[in-house]
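Data from protein.pdb: PDB, C-alpha atoms
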ATOM      1  CA  ILE C   1      20.033 101.655 137.521  1.00  0.00           C
ATOM      2  CA  LEU C   2      17.923  98.497 137.662  1.00  0.00           C
ATOM      3  CA  ASN C   3      16.079  97.648 134.469  1.00  0.00           C
ATOM      4  CA  VAL C   4      12.751  95.822 134.613  1.00  0.00           C
ATOM      5  CA  GLU C   5      11.272  94.791 131.285  1.00  0.00           C
ATOM      6  CA  GLN C   6       7.819  93.566 130.371  1.00  0.00           C
ATOM      7  CA  SER C   7       6.568  91.913 127.228  1.00  0.00           C
ATOM      8  CA  PRO C   8       4.538  92.247 125.202  1.00  0.00           C
ATOM      9  CA  GLN C   9       3.889  95.969 125.396  1.00  0.00           C
ATOM     10  CA  SER C  10       0.248  95.415 124.478  1.00  0.00           C
ATOM     11  CA  LEU C  11      -2.025  92.494 123.809  1.00  0.00           C
ATOM     12  CA  HIS C  12      -5.502  92.056 122.346  1.00  0.00           C
ATOM     13  CA  VAL C  13      -7.344  88.823 123.059  1.00  0.00           C
ATOM     14  CA  GLN C  14     -10.871  87.552 122.595  1.00  0.00           C
ATOM     15  CA  GLU C  15     -13.155  86.946 125.559  1.00  0.00           C
ATOM     16  CA  GLY C  16     -12.557  83.424 126.848  1.00  0.00           C
ATOM     17  CA  ASP C  17      -8.946  83.207 125.647  1.00  0.00           C
ATOM     18  CA  SER C  18      -6.196  82.487 128.128  1.00  0.00           C
ATOM     19  CA  THR C  19      -3.129  84.663 127.999  1.00  0.00           C
ATOM     20  CA  ASN C  20       0.188  85.282 129.690  1.00  0.00           C
ATOM     21  CA  PHE C  21       2.880  87.912 129.793  1.00  0.00           C
ATOM     22  CA  THR C  22       6.389  88.273 131.108  1.00  0.00           C
ATOM     23  CA  CYS C  23       8.344  90.429 133.531  1.00  0.00           C
ATOM     24  CA  SER C  24      12.169  90.214 133.334  1.00  0.00           C
ATOM     25  CA  PHE C  25      14.576  91.574 135.918  1.00  0.00           C
ATOM     26  CA  PRO C  26      18.233  91.301 136.924  1.00  0.00           C
ATOM     27  CA  SER C  27      18.371  88.201 139.124  1.00  0.00           C
ATOM     28  CA  SER C  28      21.315  89.467 141.145  1.00  0.00           C
ATOM     29  CA  ASN C  29      19.265  92.320 142.610  1.00  0.00           C
ATOM     30  CA  PHE C  30      16.191  90.388 143.616  1.00  0.00           C
ATOM     31  CA  TYR C  31      14.415  90.985 146.929  1.00  0.00           C
ATOM     32  CA  ALA C  32      10.731  90.866 146.043  1.00  0.00           C
ATOM     33  CA  LEU C  33       8.537  91.179 142.947  1.00  0.00           C
ATOM     34  CA  HIS C  34       5.097  92.734 142.864  1.00  0.00           C
ATOM     35  CA  TRP C  35       2.362  92.572 140.264  1.00  0.00           C
ATOM     36  CA  TYR C  36      -0.196  95.366 139.984  1.00  0.00           C
ATOM     37  CA  ARG C  37      -3.347  95.775 137.957  1.00  0.00           C
ATOM     38  CA  TRP C  38      -4.004  99.289 136.678  1.00  0.00           C
ATOM     39  CA  GLU C  39      -7.350 100.149 135.144  1.00  0.00           C
ATOM     40  CA  THR C  40      -7.804 103.340 133.166  1.00  0.00           C
ATOM     41  CA  ALA C  41      -8.739 106.325 135.357  1.00  0.00           C
ATOM     42  CA  LYS C  42      -7.923 104.416 138.544  1.00  0.00           C
ATOM     43  CA  SER C  43      -4.848 103.804 140.702  1.00  0.00           C
ATOM     44  CA  PRO C  44      -2.703 100.673 140.441  1.00  0.00           C
ATOM     45  CA  GLU C  45      -3.905  97.901 142.739  1.00  0.00           C
ATOM     46  CA  ALA C  46      -1.687  95.181 144.159  1.00  0.00           C
ATOM     47  CA  LEU C  47      -2.210  91.647 142.826  1.00  0.00           C
ATOM     48  CA  PHE C  48       0.678  89.568 144.136  1.00  0.00           C
ATOM     49  CA  VAL C  49       3.825  89.842 146.216  1.00  0.00           C
ATOM     50  CA  MET C  50       6.373  87.182 145.293  1.00  0.00           C
ATOM     51  CA  THR C  51       9.552  86.489 147.169  1.00  0.00           C
ATOM     52  CA  LEU C  52      10.784  82.910 146.745  1.00  0.00           C
ATOM     53  CA  ASN C  53      12.126  81.120 143.699  1.00  0.00           C
ATOM     54  CA  GLY C  54       9.388  78.819 142.434  1.00  0.00           C
ATOM     55  CA  ASP C  55       6.612  80.866 144.071  1.00  0.00           C
ATOM     56  CA  GLU C  56       3.181  80.443 142.534  1.00  0.00           C
ATOM     57  CA  LYS C  57       0.337  82.726 143.527  1.00  0.00           C
ATOM     58  CA  LYS C  58      -3.290  82.634 142.443  1.00  0.00           C
ATOM     59  CA  LYS C  59      -6.266  84.966 142.747  1.00  0.00           C
ATOM     60  CA  GLY C  60      -9.350  83.749 140.927  1.00  0.00           C
ATOM     61  CA  ARG C  61      -8.491  83.372 137.237  1.00  0.00           C
ATOM     62  CA  ILE C  62      -5.160  85.176 137.578  1.00  0.00           C
ATOM     63  CA  SER C  63      -1.961  83.437 138.638  1.00  0.00           C
ATOM     64  CA  ALA C  64       1.735  84.220 138.666  1.00  0.00           C
ATOM     65  CA  THR C  65       4.995  82.301 138.840  1.00  0.00           C
ATOM     66  CA  LEU C  66       8.482  83.395 139.772  1.00  0.00           C
ATOM     67  CA  ASN C  67      11.960  82.281 138.717  1.00  0.00           C
ATOM     68  CA  THR C  68      14.574  84.296 140.593  1.00  0.00           C
ATOM     69  CA  LYS C  69      17.541  82.337 139.250  1.00  0.00           C
ATOM     70  CA  GLU C  70      16.850  83.312 135.636  1.00  0.00           C
ATOM     71  CA  GLY C  71      15.148  86.612 136.472  1.00  0.00           C
ATOM     72  CA  TYR C  72      11.573  86.370 135.225  1.00  0.00           C
ATOM     73  CA  SER C  73       7.976  86.151 136.344  1.00  0.00           C
ATOM     74  CA  TYR C  74       4.918  85.152 134.324  1.00  0.00           C
ATOM     75  CA  LEU C  75       1.383  86.397 134.844  1.00  0.00           C
ATOM     76  CA  TYR C  76      -1.387  84.156 133.512  1.00  0.00           C
ATOM     77  CA  ILE C  77      -5.040  84.978 132.983  1.00  0.00           C
ATOM     78  CA  LYS C  78      -7.345  82.045 132.336  1.00  0.00           C
ATOM     79  CA  GLY C  79     -10.527  82.632 130.356  1.00  0.00           C
ATOM     80  CA  SER C  80     -10.056  86.387 129.891  1.00  0.00           C
ATOM     81  CA  GLN C  81     -13.076  88.624 130.455  1.00  0.00           C
ATOM     82  CA  PRO C  82     -13.613  92.233 129.293  1.00  0.00           C
ATOM     83  CA  GLU C  83     -13.226  93.393 132.915  1.00  0.00           C
ATOM     84  CA  ASP C  84      -9.644  92.045 132.845  1.00  0.00           C
ATOM     85  CA  SER C  85      -8.754  94.837 130.411  1.00  0.00           C
ATOM     86  CA  ALA C  86      -6.088  96.885 132.171  1.00  0.00           C
ATOM     87  CA  THR C  87      -2.373  97.553 132.266  1.00  0.00           C
ATOM     88  CA  TYR C  88      -0.453  94.978 134.277  1.00  0.00           C
ATOM     89  CA  LEU C  89       2.666  96.285 135.968  1.00  0.00           C
ATOM     90  CA  CYS C  90       5.449  94.410 137.648  1.00  0.00           C
ATOM     91  CA  ALA C  91       7.784  96.083 140.125  1.00  0.00           C
ATOM     92  CA  LEU C  92      11.082  94.851 141.526  1.00  0.00           C
ATOM     93  CA  LYS C  93      12.134  95.610 145.047  1.00  0.00           C
ATOM     94  CA  ASP C  94      15.912  95.620 145.139  1.00  0.00           C
ATOM     95  CA  ASN C  95      18.050  93.668 147.535  1.00  0.00           C
ATOM     96  CA  TYR C  96      18.175  96.480 150.015  1.00  0.00           C
ATOM     97  CA  GLY C  97      14.419  96.012 150.268  1.00  0.00           C
ATOM     98  CA  GLN C  98      13.705  99.700 150.007  1.00  0.00           C
ATOM     99  CA  ASN C  99      13.054 101.086 146.570  1.00  0.00           C
ATOM    100  CA  PHE C 100      10.784  99.900 143.775  1.00  0.00           C
ATOM    101  CA  VAL C 101      11.568  99.796 140.064  1.00  0.00           C
ATOM    102  CA  PHE C 102       8.558  99.453 137.788  1.00  0.00           C
ATOM    103  CA  GLY C 103       8.441  97.838 134.403  1.00  0.00           C
ATOM    104  CA  PRO C 104       6.690  99.704 131.561  1.00  0.00           C
ATOM    105  CA  GLY C 105       3.594  97.507 131.799  1.00  0.00           C
ATOM    106  CA  THR C 106       1.617  95.233 129.488  1.00  0.00           C
ATOM    107  CA  ARG C 107      -1.636  96.718 128.273  1.00  0.00           C
ATOM    108  CA  LEU C 108      -4.296  94.021 127.895  1.00  0.00           C
ATOM    109  CA  SER C 109      -7.495  94.531 125.929  1.00  0.00           C
ATOM    110  CA  VAL C 110     -10.107  91.775 126.062  1.00  0.00           C
ATOM    111  CA  LEU C 111     -12.600  92.014 123.226  1.00  0.00           C
ATOM    112  CA  PRO C 112     -16.152  90.764 123.802  1.00  0.00           C
TER     113      PRO C 112
ATOM    114  CA  GLU R   1     -10.226 102.773 155.994  1.00  0.00           C
ATOM    115  CA  ALA R   2      -6.550 102.380 155.139  1.00  0.00           C
ATOM    116  CA  GLN R   3      -5.724 104.776 152.346  1.00  0.00           C
ATOM    117  CA  VAL R   4      -3.422 107.244 150.665  1.00  0.00           C
ATOM    118  CA  THR R   5      -5.101 110.581 150.070  1.00  0.00           C
ATOM    119  CA  GLN R   6      -3.906 112.956 147.388  1.00  0.00           C
ATOM    120  CA  ASN R   7      -5.176 116.443 146.745  1.00  0.00           C
ATOM    121  CA  PRO R   8      -6.179 117.949 144.457  1.00  0.00           C
ATOM    122  CA  ARG R   9      -7.431 115.387 141.924  1.00  0.00           C
ATOM    123  CA  TYR R  10      -7.259 117.881 139.083  1.00  0.00           C
ATOM    124  CA  LEU R  11      -5.271 121.090 138.777  1.00  0.00           C
ATOM    125  CA  ILE R  12      -4.736 123.553 135.953  1.00  0.00           C
ATOM    126  CA  THR R  13      -2.128 126.200 136.611  1.00  0.00           C
ATOM    127  CA  VAL R  14       0.070 128.683 134.792  1.00  0.00           C
ATOM    128  CA  THR R  15       3.784 128.486 134.176  1.00  0.00           C
ATOM    129  CA  GLY R  16       5.841 129.696 137.121  1.00  0.00           C
ATOM    130  CA  LYS R  17       3.123 129.689 139.776  1.00  0.00           C
ATOM    131  CA  LYS R  18       4.281 127.617 142.740  1.00  0.00           C
ATOM    132  CA  LEU R  19       2.032 124.732 143.719  1.00  0.00           C
ATOM    133  CA  THR R  20       1.912 121.889 146.202  1.00  0.00           C
ATOM    134  CA  VAL R  21       0.256 118.503 145.795  1.00  0.00           C
ATOM    135  CA  THR R  22      -0.485 116.956 149.160  1.00  0.00           C
ATOM    136  CA  CYS R  23      -0.212 113.284 150.055  1.00  0.00           C
ATOM    137  CA  SER R  24      -1.235 111.734 153.352  1.00  0.00           C
ATOM    138  CA  GLN R  25      -1.395 108.105 154.502  1.00  0.00           C
ATOM    139  CA  ASN R  26      -3.050 106.660 157.611  1.00  0.00           C
ATOM    140  CA  MET R  27      -1.256 103.290 157.710  1.00  0.00           C
ATOM    141  CA  ASN R  28       1.897 104.350 159.595  1.00  0.00           C
ATOM    142  CA  HIS R  29       3.976 103.385 156.559  1.00  0.00           C
ATOM    143  CA  GLU R  30       7.647 104.278 156.656  1.00  0.00           C
ATOM    144  CA  TYR R  31       8.142 104.456 152.896  1.00  0.00           C
ATOM    145  CA  MET R  32       6.493 107.024 150.612  1.00  0.00           C
ATOM    146  CA  SER R  33       7.106 107.899 147.006  1.00  0.00           C
ATOM    147  CA  TRP R  34       5.966 110.128 144.146  1.00  0.00           C
ATOM    148  CA  TYR R  35       5.593 109.001 140.552  1.00  0.00           C
ATOM    149  CA  ARG R  36       4.576 110.629 137.327  1.00  0.00           C
ATOM    150  CA  GLN R  37       2.915 108.793 134.501  1.00  0.00           C
ATOM    151  CA  ASP R  38       3.164 109.972 130.910  1.00  0.00           C
ATOM    152  CA  PRO R  39       1.841 108.209 127.812  1.00  0.00           C
ATOM    153  CA  GLY R  40       4.207 105.484 126.651  1.00  0.00           C
ATOM    154  CA  LEU R  41       6.611 106.001 129.540  1.00  0.00           C
ATOM    155  CA  GLY R  42       5.078 104.059 132.420  1.00  0.00           C
ATOM    156  CA  LEU R  43       5.579 105.104 136.035  1.00  0.00           C
ATOM    157  CA  ARG R  44       8.695 107.160 136.680  1.00  0.00           C
ATOM    158  CA  GLN R  45       9.817 107.852 140.219  1.00  0.00           C
ATOM    159  CA  ILE R  46      10.335 111.484 141.190  1.00  0.00           C
ATOM    160  CA  TYR R  47      11.334 111.315 144.865  1.00  0.00           C
ATOM    161  CA  TYR R  48      11.017 108.831 147.669  1.00  0.00           C
ATOM    162  CA  SER R  49      11.333 108.849 151.436  1.00  0.00           C
ATOM    163  CA  MET R  50      12.320 105.948 153.658  1.00  0.00           C
ATOM    164  CA  ASN R  51      11.244 107.687 156.850  1.00  0.00           C
ATOM    165  CA  VAL R  52      10.798 111.061 158.510  1.00  0.00           C
ATOM    166  CA  GLU R  53      13.445 113.548 157.381  1.00  0.00           C
ATOM    167  CA  VAL R  54      14.939 110.999 154.949  1.00  0.00           C
ATOM    168  CA  THR R  55      14.308 111.740 151.271  1.00  0.00           C
ATOM    169  CA  ASP R  56      16.120 110.834 148.077  1.00  0.00           C
ATOM    170  CA  LYS R  57      15.901 111.499 144.364  1.00  0.00           C
ATOM    171  CA  GLY R  58      14.257 109.081 142.018  1.00  0.00           C
ATOM    172  CA  ASP R  59      14.720 108.942 138.257  1.00  0.00           C
ATOM    173  CA  VAL R  60      13.203 112.312 137.327  1.00  0.00           C
ATOM    174  CA  PRO R  61      13.635 114.749 140.257  1.00  0.00           C
ATOM    175  CA  GLU R  62      14.379 117.936 138.281  1.00  0.00           C
ATOM    176  CA  GLY R  63      11.890 120.703 138.967  1.00  0.00           C
ATOM    177  CA  TYR R  64      10.405 119.073 142.070  1.00  0.00           C
ATOM    178  CA  LYS R  65      10.928 119.266 145.813  1.00  0.00           C
ATOM    179  CA  VAL R  66       9.583 117.149 148.644  1.00  0.00           C
ATOM    180  CA  SER R  67       9.625 117.157 152.417  1.00  0.00           C
ATOM    181  CA  ARG R  68       8.897 114.551 155.085  1.00  0.00           C
ATOM    182  CA  LYS R  69       8.453 116.344 158.377  1.00  0.00           C
ATOM    183  CA  GLU R  70       5.821 113.927 159.636  1.00  0.00           C
ATOM    184  CA  LYS R  71       5.451 110.240 158.918  1.00  0.00           C
ATOM    185  CA  ARG R  72       1.975 110.545 157.398  1.00  0.00           C
ATOM    186  CA  ASN R  73       2.590 113.444 154.981  1.00  0.00           C
ATOM    187  CA  PHE R  74       4.760 113.682 151.892  1.00  0.00           C
ATOM    188  CA  PRO R  75       3.930 116.786 149.838  1.00  0.00           C
ATOM    189  CA  LEU R  76       5.237 117.346 146.308  1.00  0.00           C
ATOM    190  CA  ILE R  77       6.257 120.925 145.568  1.00  0.00           C
ATOM    191  CA  LEU R  78       6.674 122.486 142.156  1.00  0.00           C
ATOM    192  CA  GLU R  79       8.439 125.799 142.786  1.00  0.00           C
ATOM    193  CA  SER R  80       8.139 127.045 139.188  1.00  0.00           C
ATOM    194  CA  PRO R  81       5.983 124.686 137.133  1.00  0.00           C
ATOM    195  CA  SER R  82       6.604 124.369 133.416  1.00  0.00           C
ATOM    196  CA  PRO R  83       4.455 122.809 130.672  1.00  0.00           C
ATOM    197  CA  ASN R  84       6.687 119.699 130.569  1.00  0.00           C
ATOM    198  CA  GLN R  85       5.465 118.915 134.086  1.00  0.00           C
ATOM    199  CA  THR R  86       1.965 118.374 132.765  1.00  0.00           C
ATOM    200  CA  SER R  87       1.330 114.801 133.801  1.00  0.00           C
ATOM    201  CA  LEU R  88      -0.583 112.372 136.002  1.00  0.00           C
ATOM    202  CA  TYR R  89       1.006 112.139 139.449  1.00  0.00           C
ATOM    203  CA  PHE R  90       0.680 109.303 141.953  1.00  0.00           C
ATOM    204  CA  CYS R  91       1.703 109.175 145.563  1.00  0.00           C
ATOM    205  CA  ALA R  92       2.258 105.741 147.115  1.00  0.00           C
ATOM    206  CA  SER R  93       3.227 104.346 150.493  1.00  0.00           C
ATOM    207  CA  SER R  94       4.528 101.038 151.765  1.00  0.00           C
ATOM    208  CA  ARG R  95       5.840  99.309 154.840  1.00  0.00           C
ATOM    209  CA  GLN R  96       9.543  98.479 154.854  1.00  0.00           C
ATOM    210  CA  GLY R  97      10.421  95.018 153.620  1.00  0.00           C
ATOM    211  CA  ILE R  98       8.705  92.864 151.013  1.00  0.00           C
ATOM    212  CA  TYR R  99       5.403  94.746 151.091  1.00  0.00           C
ATOM    213  CA  GLY R 100       3.840  96.395 148.077  1.00  0.00           C
ATOM    214  CA  TYR R 101       2.497  99.868 147.531  1.00  0.00           C
ATOM    215  CA  THR R 102      -0.824 101.443 148.320  1.00  0.00           C
ATOM    216  CA  PHE R 103      -1.412 104.159 145.746  1.00  0.00           C
ATOM    217  CA  GLY R 104      -3.283 107.411 146.013  1.00  0.00           C
ATOM    218  CA  SER R 105      -6.012 108.206 143.493  1.00  0.00           C
ATOM    219  CA  GLY R 106      -3.783 110.415 141.366  1.00  0.00           C
ATOM    220  CA  THR R 107      -3.505 114.117 140.523  1.00  0.00           C
ATOM    221  CA  ARG R 108      -3.864 115.230 136.946  1.00  0.00           C
ATOM    222  CA  LEU R 109      -1.820 118.411 136.555  1.00  0.00           C
ATOM    223  CA  THR R 110      -1.911 120.693 133.530  1.00  0.00           C
ATOM    224  CA  VAL R 111       0.563 123.563 133.277  1.00  0.00           C
ATOM    225  CA  VAL R 112      -0.246 126.143 130.599  1.00  0.00           C
TER     226      VAL R 112
END
Rewrite the coordinates I just gave you, this time as structure tokens.
Amino acid sequence: ILNVEQSPQSLHVQEGDSTNFTCSFPSSNFYALHWYRWETAKSPEALFVMTLNGDEKKKGRISATLNTKEGYSYLYIKGSQPEDSATYLCALKDNYGQNFVFGPGTRLSVLP
Amino acid sequence: EAQVTQNPRYLITVTGKKLTVTCSQNMNHEYMSWYRQDPGLGLRQIYYSMNVEVTDKGDVPEGYKVSRKEKRNFPLILESPSPNQTSLYFCASSRQGIYGYTFGSGTRLTVV
């Protein structure tokens, strides 16, 4: 069974702070990595799909990097806003390219 | 609009009374999956399907059944629900390959 880990489990930051969190995965099973943003009472929404070692993706104030050789991805949020408060999930697609394994998520709270 | 439609959104039922949660997608996706979300446990996969008539168990399949007779539909069946199946359920679909999920809006099930 693939194991995808995320840290920290939860995070509280002040509005305007920049923050980052980590997704770790077994590098030998890598096919693709996805980041999702999951707000309370809503469904998870896709942020990034990452496939190549060294990939960097950006959407507004949120960006992500990928290191497939060492098995981790970072998600960065620059100048956090209260509307960034959500759980951020990463999911590994294994090297058969079929099934997803989700990490437990990092719950971010941005305080005004 | 491209979407995954789950019904019902909310359901309260009694122990032992068979129920079905429907899931339908209009994106011609090959891959569909069911997850449950419980506090502190993240998203756990129940069943998935790689195409019509192809289904497989996820991490927590006990007490659930699925079928995939048509590409667009992937219903989740609880033959004899028990209180430990009280949870928030998500259906999701994806194209084969590197692509991420589109999630349904969720079904909050309470079994008393």
query = Mind pulling up the distance from atom CA of C:Asp55 to atom CA of C:Leu11?
reply = 24.9 Å
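Once the PyMOL selection byres ((chain R) within 6 of (chain C)) is applied to the depicted file, the selected set reads R:Gly42, R:Gly97, R:Ile98, R:Ser105.
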message = When the PyMOL selection byres ((chain R and resi 76-87) around 9) is applied to the structure above, which residues does it catch, written out as number ranges by chain?
response = R: 13-23, 34, 36-39, 47, 63-67, 74-75, 88-89, 91, 107-112
key: Matched chain/residue IDs from the PyMOL selection byres ((chain R and resi 51-57) around 10), as a ChimeraX atom specification   = /R:29-33,45-50,58-62,64-74,96
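Of the residues under consideration (C:Asn29, C:Ser10, C:Cys90, C:Arg61), C:Arg61 shows the shortest atom-to-atom contact distance to C:Ile77 when counting all atoms listed in the file.
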Hey, could you patch up stretch 32-42 of chain R with all heavy atoms and hand it over as an mmCIF file, in the frame of the given file?
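Listing of rebuild.cif after writing:
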data_model
loop_
_atom_site.group_PDB
_atom_site.id
_atom_site.type_symbol
_atom_site.label_atom_id
_atom_site.label_comp_id
_atom_site.auth_asym_id
_atom_site.auth_seq_id
_atom_site.Cartn_x
_atom_site.Cartn_y
_atom_site.Cartn_z
ATOM 1 N N MET R 32 7.416 106.296 151.486
ATOM 2 C CA MET R 32 6.493 107.024 150.612
ATOM 3 C C MET R 32 7.228 107.467 149.367
ATOM 4 O O MET R 32 8.464 107.664 149.391
ATOM 5 C CB MET R 32 5.883 108.231 151.337
ATOM 6 C CG MET R 32 5.044 107.834 152.550
ATOM 7 S SD MET R 32 4.208 109.223 153.330
ATOM 8 C CE MET R 32 2.862 109.533 152.168
ATOM 9 N N SER R 33 6.463 107.618 148.275
ATOM 10 C CA SER R 33 7.106 107.899 147.006
ATOM 11 C C SER R 33 6.157 108.669 146.096
ATOM 12 O O SER R 33 4.937 108.567 146.233
ATOM 13 C CB SER R 33 7.501 106.572 146.341
ATOM 14 O OG SER R 33 8.247 106.785 145.165
ATOM 15 N N TRP R 34 6.727 109.441 145.180
ATOM 16 C CA TRP R 34 5.966 110.128 144.146
ATOM 17 C C TRP R 34 6.387 109.618 142.781
ATOM 18 O O TRP R 34 7.589 109.449 142.508
ATOM 19 C CB TRP R 34 6.218 111.639 144.194
ATOM 20 C CG TRP R 34 5.386 112.350 145.200
ATOM 21 C CD1 TRP R 34 5.768 112.798 146.428
ATOM 22 C CD2 TRP R 34 4.015 112.718 145.054
ATOM 23 N NE1 TRP R 34 4.719 113.408 147.061
ATOM 24 C CE2 TRP R 34 3.632 113.382 146.232
ATOM 25 C CE3 TRP R 34 3.071 112.556 144.031
ATOM 26 C CZ2 TRP R 34 2.348 113.878 146.428
ATOM 27 C CZ3 TRP R 34 1.798 113.045 144.221
ATOM 28 C CH2 TRP R 34 1.446 113.699 145.416
ATOM 29 N N TYR R 35 5.364 109.417 141.920
ATOM 30 C CA TYR R 35 5.593 109.001 140.552
ATOM 31 C C TYR R 35 4.838 109.933 139.612
ATOM 32 O O TYR R 35 3.822 110.502 139.972
ATOM 33 C CB TYR R 35 5.076 107.583 140.315
ATOM 34 C CG TYR R 35 5.885 106.505 140.987
ATOM 35 C CD1 TYR R 35 5.621 106.136 142.296
ATOM 36 C CD2 TYR R 35 6.907 105.854 140.311
ATOM 37 C CE1 TYR R 35 6.364 105.149 142.926
ATOM 38 C CE2 TYR R 35 7.660 104.856 140.928
ATOM 39 C CZ TYR R 35 7.378 104.521 142.241
ATOM 40 O OH TYR R 35 8.113 103.541 142.851
ATOM 41 N N ARG R 36 5.347 110.024 138.393
ATOM 42 C CA ARG R 36 4.576 110.629 137.327
ATOM 43 C C ARG R 36 4.378 109.604 136.222
ATOM 44 O O ARG R 36 5.231 108.727 136.011
ATOM 45 C CB ARG R 36 5.228 111.910 136.789
ATOM 46 C CG ARG R 36 6.576 111.764 136.181
ATOM 47 C CD ARG R 36 7.100 113.114 135.656
ATOM 48 N NE ARG R 36 6.410 113.537 134.441
ATOM 49 C CZ ARG R 36 6.604 114.719 133.849
ATOM 50 N NH1 ARG R 36 7.455 115.603 134.371
ATOM 51 N NH2 ARG R 36 5.953 115.033 132.749
ATOM 52 N N GLN R 37 3.243 109.714 135.572
ATOM 53 C CA GLN R 37 2.915 108.793 134.501
ATOM 54 C C GLN R 37 2.605 109.578 133.247
ATOM 55 O O GLN R 37 1.701 110.422 133.237
ATOM 56 C CB GLN R 37 1.728 107.911 134.897
ATOM 57 C CG GLN R 37 1.537 106.703 133.991
ATOM 58 C CD GLN R 37 0.604 106.951 132.844
ATOM 59 O OE1 GLN R 37 -0.386 107.662 132.992
ATOM 60 N NE2 GLN R 37 0.865 106.348 131.713
ATOM 61 N N ASP R 38 3.359 109.313 132.202
ATOM 62 C CA ASP R 38 3.164 109.972 130.910
ATOM 63 C C ASP R 38 2.935 108.905 129.863
ATOM 64 O O ASP R 38 3.475 107.793 129.979
ATOM 65 C CB ASP R 38 4.401 110.805 130.559
ATOM 66 C CG ASP R 38 4.691 111.849 131.618
ATOM 67 O OD1 ASP R 38 3.888 112.799 131.707
ATOM 68 O OD2 ASP R 38 5.679 111.720 132.360
ATOM 69 N N PRO R 39 2.170 109.219 128.833
ATOM 70 C CA PRO R 39 1.841 108.209 127.812
ATOM 71 C C PRO R 39 3.093 107.557 127.242
ATOM 72 O O PRO R 39 4.038 108.235 126.839
ATOM 73 C CB PRO R 39 1.102 109.037 126.745
ATOM 74 C CG PRO R 39 0.529 110.190 127.504
ATOM 75 C CD PRO R 39 1.524 110.516 128.573
ATOM 76 N N GLY R 40 3.096 106.227 127.229
ATOM 77 C CA GLY R 40 4.207 105.484 126.651
ATOM 78 C C GLY R 40 5.433 105.368 127.520
ATOM 79 O O GLY R 40 6.406 104.711 127.146
ATOM 80 N N LEU R 41 5.406 105.991 128.698
ATOM 81 C CA LEU R 41 6.611 106.001 129.540
ATOM 82 C C LEU R 41 6.430 105.273 130.871
ATOM 83 O O LEU R 41 7.348 105.181 131.644
ATOM 84 C CB LEU R 41 7.054 107.437 129.815
ATOM 85 C CG LEU R 41 7.568 108.198 128.605
ATOM 86 C CD1 LEU R 41 7.922 109.625 128.982
ATOM 87 C CD2 LEU R 41 8.786 107.497 127.996
ATOM 88 N N GLY R 42 5.256 104.787 131.169
ATOM 89 C CA GLY R 42 5.078 104.059 132.420
ATOM 90 C C GLY R 42 5.204 104.955 133.628
ATOM 91 O O GLY R 42 5.114 106.181 133.536
#
